[in-house]
Structures are given as structure tokens and as C-alpha cells.
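Next up, data_25.pdb (PDB, C-alpha atoms):
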ATOM      1  CA  ASP A   1      38.668 245.960  92.614
ATOM      2  CA  GLY A   2      42.053 245.869  94.306
ATOM      3  CA  VAL A   3      41.684 249.363  95.813
ATOM      4  CA  LYS A   4      40.590 250.497  99.261
ATOM      5  CA  ALA A   5      39.052 253.985  99.423
ATOM      6  CA  THR A   6      38.969 256.018 102.659
ATOM      7  CA  LEU A   7      37.516 259.481 103.299
ATOM      8  CA  VAL A   8      39.784 261.628 105.501
ATOM      9  CA  ARG A   9      38.579 264.917 107.024
ATOM     10  CA  SER A  10      41.184 267.667 107.410
ATOM     11  CA  GLY A  11      39.949 271.035 108.642
ATOM     12  CA  ASP A  12      37.017 272.047 106.446
ATOM     13  CA  GLY A  13      37.911 269.686 103.625
ATOM     14  CA  ILE A  14      37.553 266.001 102.917
ATOM     15  CA  SER A  15      40.062 263.986 100.928
ATOM     16  CA  MET A  16      39.551 260.592  99.408
ATOM     17  CA  VAL A  17      42.627 258.414  99.953
ATOM     18  CA  LEU A  18      43.109 255.354  97.724
ATOM     19  CA  ASN A  19      45.283 252.439  98.798
ATOM     20  CA  GLY A  20      46.179 249.562  96.519
ATOM     21  CA  LYS A  21      45.506 246.218  98.189
ATOM     22  CA  SER A  22      48.475 244.646  96.376
ATOM     23  CA  THR A  23      51.991 246.094  96.406
ATOM     24  CA  GLY A  24      54.553 246.525  93.628
ATOM     25  CA  GLN A  25      54.896 248.644  90.509
ATOM     26  CA  ALA A  26      52.599 246.438  88.461
ATOM     27  CA  ASN A  27      49.778 247.137  90.934
ATOM     28  CA  ALA A  28      50.168 250.933  90.985
ATOM     29  CA  ILE A  29      46.997 253.024  90.868
ATOM     30  CA  GLY A  30      46.792 254.686  87.448
ATOM     31  CA  ALA A  31      45.665 258.173  86.459
ATOM     32  CA  ILE A  32      42.455 259.398  88.119
ATOM     33  CA  ASN A  33      40.221 261.808  86.229
ATOM     34  CA  VAL A  34      37.198 263.463  87.845
ATOM     35  CA  THR A  35      34.555 265.293  85.858
ATOM     36  CA  LEU A  36      31.750 267.163  87.626
ATOM     37  CA  ASN A  37      28.571 268.557  86.215
ATOM     38  CA  PRO A  38      28.223 272.120  87.584
ATOM     39  CA  ALA A  39      24.634 271.305  88.495
ATOM     40  CA  ASP A  40      25.870 268.569  90.838
ATOM     41  CA  ILE A  41      28.287 270.741  92.841
ATOM     42  CA  LYS A  42      25.519 271.928  95.179
ATOM     43  CA  GLY A  43      27.404 274.680  96.985
ATOM     44  CA  ASN A  44      30.841 273.021  96.992
ATOM     45  CA  THR A  45      33.227 275.827  96.071
ATOM     46  CA  VAL A  46      36.350 273.695  95.724
ATOM     47  CA  ASP A  47      37.845 273.995  92.270
ATOM     48  CA  ILE A  48      39.226 270.538  91.465
ATOM     49  CA  THR A  49      41.159 271.976  88.524
ATOM     50  CA  GLN A  50      43.546 273.730  90.942
ATOM     51  CA  PRO A  51      46.771 271.762  91.679
ATOM     52  CA  GLU A  52      46.248 271.868  95.447
ATOM     53  CA  ASN A  53      42.869 270.185  95.025
ATOM     54  CA  GLY A  54      43.965 267.598  92.471
ATOM     55  CA  ASN A  55      45.625 264.217  92.733
ATOM     56  CA  LYS A  56      48.571 263.817  95.096
ATOM     57  CA  ASN A  57      50.753 260.724  95.103
ATOM     58  CA  LEU A  58      51.319 260.044  98.811
ATOM     59  CA  GLN A  59      53.585 257.058  98.174
ATOM     60  CA  ALA A  60      54.858 255.717  94.875
ATOM     61  CA  ALA A  61      54.271 252.030  94.139
ATOM     62  CA  GLU A  62      57.640 250.268  94.114
ATOM     63  CA  ASP A  63      59.084 246.810  93.859
ATOM     64  CA  ALA A  64      61.491 245.420  96.412
ATOM     65  CA  ILE A  65      64.976 245.167  94.889
ATOM     66  CA  VAL A  66      67.826 242.918  95.939
ATOM     67  CA  LYS A  67      71.227 242.965  94.264
ATOM     68  CA  TYR A  68      72.765 239.508  94.369
ATOM     69  CA  GLY A  69      76.202 239.562  92.821
ATOM     70  CA  SER A  70      75.718 240.993  89.336
ATOM     71  CA  MET A  71      72.000 240.173  89.316
ATOM     72  CA  GLU A  72      69.157 242.470  90.320
ATOM     73  CA  LEU A  73      66.157 240.624  91.743
ATOM     74  CA  THR A  74      62.764 242.294  92.097
ATOM     75  CA  SER A  75      59.540 241.374  93.869
ATOM     76  CA  ALA A  76      56.141 243.029  94.286
ATOM     77  CA  THR A  77      56.331 242.262  98.038
ATOM     78  CA  ASN A  78      59.071 242.225 100.665
ATOM     79  CA  LYS A  79      59.088 238.452 100.568
ATOM     80  CA  MET A  80      61.083 236.857  97.784
ATOM     81  CA  GLU A  81      60.277 233.192  97.242
ATOM     82  CA  ASN A  82      62.940 230.776  95.991
ATOM     83  CA  VAL A  83      65.340 233.473  94.784
ATOM     84  CA  ILE A  84      67.967 230.951  95.790
ATOM     85  CA  ASP A  85      66.858 227.323  95.432
ATOM     86  CA  GLY A  86      64.652 226.466  98.407
ATOM     87  CA  ILE A  87      65.303 229.774 100.204
ATOM     88  CA  SER A  88      62.911 232.662 100.809
ATOM     89  CA  LEU A  89      64.079 236.142 101.797
ATOM     90  CA  ASN A  90      61.992 238.355 104.108
ATOM     91  CA  LEU A  91      63.210 241.916 103.537
ATOM     92  CA  LYS A  92      62.860 244.191 106.574
ATOM     93  CA  ASP A  93      65.228 247.090 105.887
ATOM     94  CA  THR A  94      67.631 248.553 103.349
ATOM     95  CA  GLY A  95      71.347 247.866 103.458
ATOM     96  CA  THR A  96      73.829 245.087 102.864
ATOM     97  CA  VAL A  97      73.494 241.670 104.454
ATOM     98  CA  ASN A  98      75.400 238.413 104.357
ATOM     99  CA  VAL A  99      73.191 235.349 103.975
ATOM    100  CA  THR A 100      74.547 232.152 105.462
ATOM    101  CA  VAL A 101      72.853 228.886 104.523
ATOM    102  CA  GLU A 102      73.272 226.145 107.108
ATOM    103  CA  ARG A 103      71.778 222.723 107.695
ATOM    104  CA  ASP A 104      68.996 222.814 110.261
ATOM    105  CA  GLU A 105      69.907 219.653 112.163
ATOM    106  CA  ALA A 106      67.679 220.632 115.093
ATOM    107  CA  ALA A 107      64.605 220.679 112.847
ATOM    108  CA  VAL A 108      65.539 217.299 111.334
ATOM    109  CA  ASN A 109      65.962 215.853 114.830
ATOM    110  CA  THR A 110      62.536 217.205 115.788
ATOM    111  CA  ASN A 111      60.909 215.712 112.675
ATOM    112  CA  ILE A 112      62.503 212.303 113.229
ATOM    113  CA  LYS A 113      61.331 212.271 116.848
ATOM    114  CA  ALA A 114      57.829 213.272 115.715
ATOM    115  CA  PHE A 115      57.882 210.346 113.257
ATOM    116  CA  VAL A 116      58.941 207.950 116.047
ATOM    117  CA  ASP A 117      56.285 209.345 118.412
ATOM    118  CA  ALA A 118      53.563 208.969 115.776
ATOM    119  CA  TYR A 119      54.580 205.379 115.053
ATOM    120  CA  ASN A 120      54.694 204.551 118.765
ATOM    121  CA  SER A 121      51.256 206.094 119.285
ATOM    122  CA  VAL A 122      49.790 203.691 116.698
ATOM    123  CA  ILE A 123      51.576 200.674 118.188
ATOM    124  CA  GLU A 124      50.513 201.525 121.742
ATOM    125  CA  THR A 125      46.900 202.020 120.659
ATOM    126  CA  VAL A 126      46.893 198.683 118.832
ATOM    127  CA  ASN A 127      48.463 196.957 121.842
ATOM    128  CA  THR A 128      45.718 198.373 124.045
ATOM    129  CA  TYR A 129      42.907 197.002 121.873
ATOM    130  CA  THR A 130      44.418 193.655 120.880
ATOM    131  CA  LYS A 131      45.770 192.270 124.140
ATOM    132  CA  SER A 132      43.119 190.327 126.024
ATOM    133  CA  SER A 133      43.046 189.942 129.785
ATOM    134  CA  GLU A 134      41.989 186.938 131.840
ATOM    135  CA  ASP A 135      38.566 188.486 132.308
ATOM    136  CA  SER A 136      37.668 189.542 128.776
ATOM    137  CA  ALA A 137      38.791 189.566 125.167
ATOM    138  CA  ALA A 138      40.136 192.808 123.738
ATOM    139  CA  ALA A 139      38.025 194.636 121.145
ATOM    140  CA  LEU A 140      40.425 193.886 118.278
ATOM    141  CA  SER A 141      41.782 190.588 119.546
ATOM    142  CA  GLY A 142      42.344 188.303 116.561
ATOM    143  CA  ASP A 143      41.333 190.982 114.058
ATOM    144  CA  SER A 144      43.088 190.112 110.776
ATOM    145  CA  ALA A 145      43.011 193.638 109.336
ATOM    146  CA  THR A 146      44.783 195.032 112.397
ATOM    147  CA  ARG A 147      47.409 192.276 112.297
ATOM    148  CA  SER A 148      47.986 192.936 108.602
ATOM    149  CA  MET A 149      48.376 196.690 109.160
ATOM    150  CA  ILE A 150      50.922 196.211 111.955
ATOM    151  CA  SER A 151      52.820 193.622 109.917
ATOM    152  CA  ARG A 152      53.128 196.029 106.984
ATOM    153  CA  MET A 153      54.209 198.900 109.251
ATOM    154  CA  ARG A 154      56.896 196.753 110.860
ATOM    155  CA  GLY A 155      58.003 195.678 107.403
ATOM    156  CA  VAL A 156      58.526 199.294 106.375
ATOM    157  CA  ILE A 157      60.401 200.064 109.589
ATOM    158  CA  GLY A 158      62.684 197.040 109.351
ATOM    159  CA  ASP A 159      63.293 197.042 105.595
ATOM    160  CA  GLU A 160      66.528 197.990 103.819
ATOM    161  CA  TYR A 161      66.575 200.891 101.359
ATOM    162  CA  THR A 162      69.335 201.058  98.773
ATOM    163  CA  ALA A 163      68.819 204.696  97.724
ATOM    164  CA  SER A 164      70.908 205.910 100.684
ATOM    165  CA  THR A 165      74.258 204.967 102.191
ATOM    166  CA  TYR A 166      72.205 204.534 105.357
ATOM    167  CA  GLN A 167      70.016 201.580 104.418
ATOM    168  CA  THR A 168      68.186 200.933 107.698
ATOM    169  CA  LEU A 169      66.749 202.982 110.525
ATOM    170  CA  SER A 170      68.914 201.068 112.973
ATOM    171  CA  GLN A 171      71.976 202.680 111.371
ATOM    172  CA  LEU A 172      70.568 206.002 112.568
ATOM    173  CA  GLY A 173      70.063 204.669 116.086
ATOM    174  CA  ILE A 174      66.329 203.978 115.678
ATOM    175  CA  THR A 175      65.540 200.482 116.922
ATOM    176  CA  THR A 176      62.497 198.419 117.912
ATOM    177  CA  THR A 177      61.788 197.533 121.543
ATOM    178  CA  ARG A 178      60.284 194.273 122.795
ATOM    179  CA  GLU A 179      56.888 196.010 122.924
ATOM    180  CA  GLY A 180      57.123 196.850 119.218
ATOM    181  CA  THR A 181      57.666 200.574 119.724
ATOM    182  CA  LEU A 182      60.667 202.540 118.480
ATOM    183  CA  GLU A 183      63.390 204.165 120.530
ATOM    184  CA  VAL A 184      66.112 206.589 119.460
ATOM    185  CA  ASP A 185      69.795 206.478 120.368
ATOM    186  CA  GLN A 186      70.357 210.244 120.240
ATOM    187  CA  LYS A 187      74.150 210.058 120.082
ATOM    188  CA  LYS A 188      74.030 207.686 117.126
ATOM    189  CA  LEU A 189      71.444 209.841 115.332
ATOM    190  CA  ASP A 190      73.488 213.009 115.895
ATOM    191  CA  LYS A 191      76.610 211.303 114.535
ATOM    192  CA  ALA A 192      74.729 210.099 111.440
ATOM    193  CA  LEU A 193      73.478 213.644 110.780
ATOM    194  CA  GLU A 194      76.977 215.018 111.233
ATOM    195  CA  ASP A 195      78.645 212.379 109.043
ATOM    196  CA  ASP A 196      76.194 212.402 106.117
ATOM    197  CA  PHE A 197      73.230 214.740 106.446
ATOM    198  CA  GLU A 198      71.995 214.128 102.897
ATOM    199  CA  ALA A 199      72.022 210.356 103.340
ATOM    200  CA  VAL A 200      69.737 210.651 106.378
ATOM    201  CA  SER A 201      67.335 212.752 104.312
ATOM    202  CA  THR A 202      67.453 210.290 101.428
ATOM    203  CA  LEU A 203      66.637 207.341 103.706
ATOM    204  CA  PHE A 204      63.383 209.029 104.741
ATOM    205  CA  LEU A 205      62.466 210.832 101.505
ATOM    206  CA  GLY A 206      63.976 208.687  98.756
ATOM    207  CA  ASP A 207      66.271 209.953  96.015
ATOM    208  CA  ASP A 208      63.654 211.757  93.857
TER     209      ASP A 208
END

Could the structure of this file be written out as C-alpha cells, please?
Amino acid sequence: DGVKATLVRSGDGISMVLNGKSTGQANAIGAINVTLNPADIKGNTVDITQPENGNKNLQAAEDAIVKYGSMELTSATNKMENVIDGISLNLKDTGTVNVTVERDEAAVNTNIKAFVDAYNSVIETVNTYTKSSEDSAAALSGDSATRSMISRMRGVIGDEYTASTYQTLSQLGITTTREGTLEVDQKKLDKALEDDFEAVSTLFLGDD
């Protein structure tokens, strides 16, 4: 378990190469001892007691090491998870690097727009199936469960939340249209992110 064995032919000989499936010092392949019964050799003249025919360590198992200030951080793989709160390091080469941690406002903008799009998709679908025409009644026209769902959704959208200095979505430039969908004032949203990035996050995620 945890080892891949491959037979490699080189000239007249065959070597068995073992690769550990997991990296790091803790997963190193230990000592390998082979004992043969002379009766089982069957014409094989290789003497496995000779150094050239014994075990060879092609690559030592090692941990990845990062020196961070006075600390030395190690990992069994080249990916170090949460070595700094919320940050993962993908190590690709040796050397010295400077790590700069910045707010990803573009990703937050994308997530907020995805939230607005998802909300609008629900509203537009409900509008399609609840608005009757002169010729026929819509499938969900007058359906109380649908009305209740939309009422609760609008309540969440329009409510005030005291955990953040931004207490409403409208303060971020997210407002409701006459059709019940949401629209985003991009300039106002960008300014809110610039003025108080954490407060925008808290409005959506709460303060836990």
C-alpha cells in the first residue's frame, strides 16, 4: 500500500523501481531486504549481495521547507495550507520571494454580481409563471406558497442589518427595480469596497 512498483529493463538486466505515492519524509520507503532460496534462482547469475545489484536510493524523500522570519515551516507536499491565516502557498522553485497579501476586490465584485443575477433569475422565473394574460391564467397565478417565498426573499433584500456599518444593500448601490429585480450601481459599489471592504463582507456574511 502506498507504493507503485515498476519493472525497468536496462541492457540485459531488469530493475524494480519503487515510487512512494505520497511525498514527504514521513512517507519515505524504508529498508528493503530480499532473501532468495538458491533453488529458486533458476539460472539467474546476478548476485544481489553485491553493492551494484543492491538497493539504490534514486531520490531521497524530503519535506518542503519555507523559512518565514525566524520560523521554519515544513510540509509533505509543495502546497502549504493556511501557513498564514487563510493563505495557501504553492511552492514551485527554491529561492527567496516576497508575498504580498491584497484584497481581491475583483472577486468580491464578481460574487456580488453572481448573487444579484441568481436573485433576478428567481424573480424573472416567478414573474413568468404568475402573471396571467387575457387569454389564460398563469400556472402559478394566485399560488400562496410562491407569494410567500417572494415576500420572504424581498424581506431579506430590503431588511437592515446592524452587524455592519453598511446596514442595507442600497448603501452598496444594489436597489430594486419596478419589476422586482435587482440592479447594481457599479460606481457606488466600488466606492463602498474602497471605503470599507470589511463592512461589505460583514453585510453579506455576518460578523461570525

- Message: For range 189-195 of chain A, find every residue with an atom within 7 Å (counting all atoms listed in the file), except residues of its own chain fewer than 5 positions away, and show them as a ChimeraX atom specification.
- Response: /A:172-173,200

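Restricting the calculation to all atoms listed in the file, the smallest distance between Thr168 in chain A and any of A:Ala137, A:Met71, A:Val156, A:Val108 is found for A:Val156.
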
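Checking A:Ser164, A:Ser144, A:Thr130, A:Ser121 one by one against Glu198 in chain A, counting all atoms listed in the file, you find the shortest gap at A:Ser164.
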
- Item | Residue nearest Val122 in chain A among A:Thr23, A:Thr176, A:Thr181, A:Gln59 (counting only C-alpha atoms) | A:Thr181

- What does the distance from CA of Tyr166 in chain A to CA of Ile112 in chain A come to in Å, to one decimal? 14.7 Å

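Atom pair CA of Asp40 in chain A / CA of Val3 in chain A: separated by 25.4 Å.
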
- Item | Output of the PyMOL selection byres ((chain A and resi 98) around 12), listed as number ranges by chain | A: 67-69, 89, 95-97, 99-101

- Task: Would you list the contacts of Ala76 in chain A as a PyMOL selection string, taking every protein, DNA or RNA residue within 8 Å and counting all atoms listed in the file, but skipping same-chain residues closer than 3 positions in sequence?
- Result: chain A and resi 23-26+62-64

- Query: What's the 12 Å shell around Gly54 in chain A, counting only C-alpha atoms, without same-chain residues fewer than 6 positions away, as a list in words?
  - Reply: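 That gives Ser15, Met16, Val17, Ala31, Ile32, Asn33, Val34, Thr35, Val46, Asp47 and Ile48 of chain A.
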
Please write out, as lines of an AutoDock Vina configuration file, where the centre of an axis-aligned box around all listed atoms of range 76-95 of chain A lies and how long its edges are, in Å to one decimal, after adding 6 Å on each side.
center_x = 63.7
center_y = 237.5
center_z = 100.4
size_x = 27.2
size_y = 34.1
size_z = 24.3

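For the atom pair formed by CA of Glu183 in chain A and CA of Ile123 in chain A, the distance is 12.5 Å, given to one decimal.
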
- All residues 12 Å or closer to range 113-119 of chain A, all atoms listed in the file, same chain fewer than 6 positions away omitted, as number ranges by chain: A: 106-107, 125-126, 150, 153-154, 156-157, 169, 172-176, 180-186, 189, 204

Kindly export the residues of the current selection with C-alpha atoms, as a short mmCIF file (atom, residue, chain, number, x, y, z; two decimals), in the coordinates of the input.
data_model
loop_
_atom_site.label_atom_id
_atom_site.label_comp_id
_atom_site.auth_asym_id
_atom_site.auth_seq_id
_atom_site.Cartn_x
_atom_site.Cartn_y
_atom_site.Cartn_z
CA ALA A 106 67.68 220.63 115.09
CA ALA A 107 64.60 220.68 112.85
CA THR A 125 46.90 202.02 120.66
CA VAL A 126 46.89 198.68 118.83
CA ILE A 150 50.92 196.21 111.96
CA MET A 153 54.21 198.90 109.25
CA ARG A 154 56.90 196.75 110.86
CA VAL A 156 58.53 199.29 106.38
CA ILE A 157 60.40 200.06 109.59
CA LEU A 169 66.75 202.98 110.52
CA LEU A 172 70.57 206.00 112.57
CA GLY A 173 70.06 204.67 116.09
CA ILE A 174 66.33 203.98 115.68
CA THR A 175 65.54 200.48 116.92
CA THR A 176 62.50 198.42 117.91
CA GLY A 180 57.12 196.85 119.22
CA THR A 181 57.67 200.57 119.72
CA LEU A 182 60.67 202.54 118.48
CA GLU A 183 63.39 204.16 120.53
CA VAL A 184 66.11 206.59 119.46
CA ASP A 185 69.80 206.48 120.37
CA GLN A 186 70.36 210.24 120.24
CA LEU A 189 71.44 209.84 115.33
CA PHE A 204 63.38 209.03 104.74
#

- Which residue of A:Ser148, A:Asp196, A:Asn78, A:Lys92 approaches Gln171 in chain A most closely, using only C-alpha atoms: A:Asp196
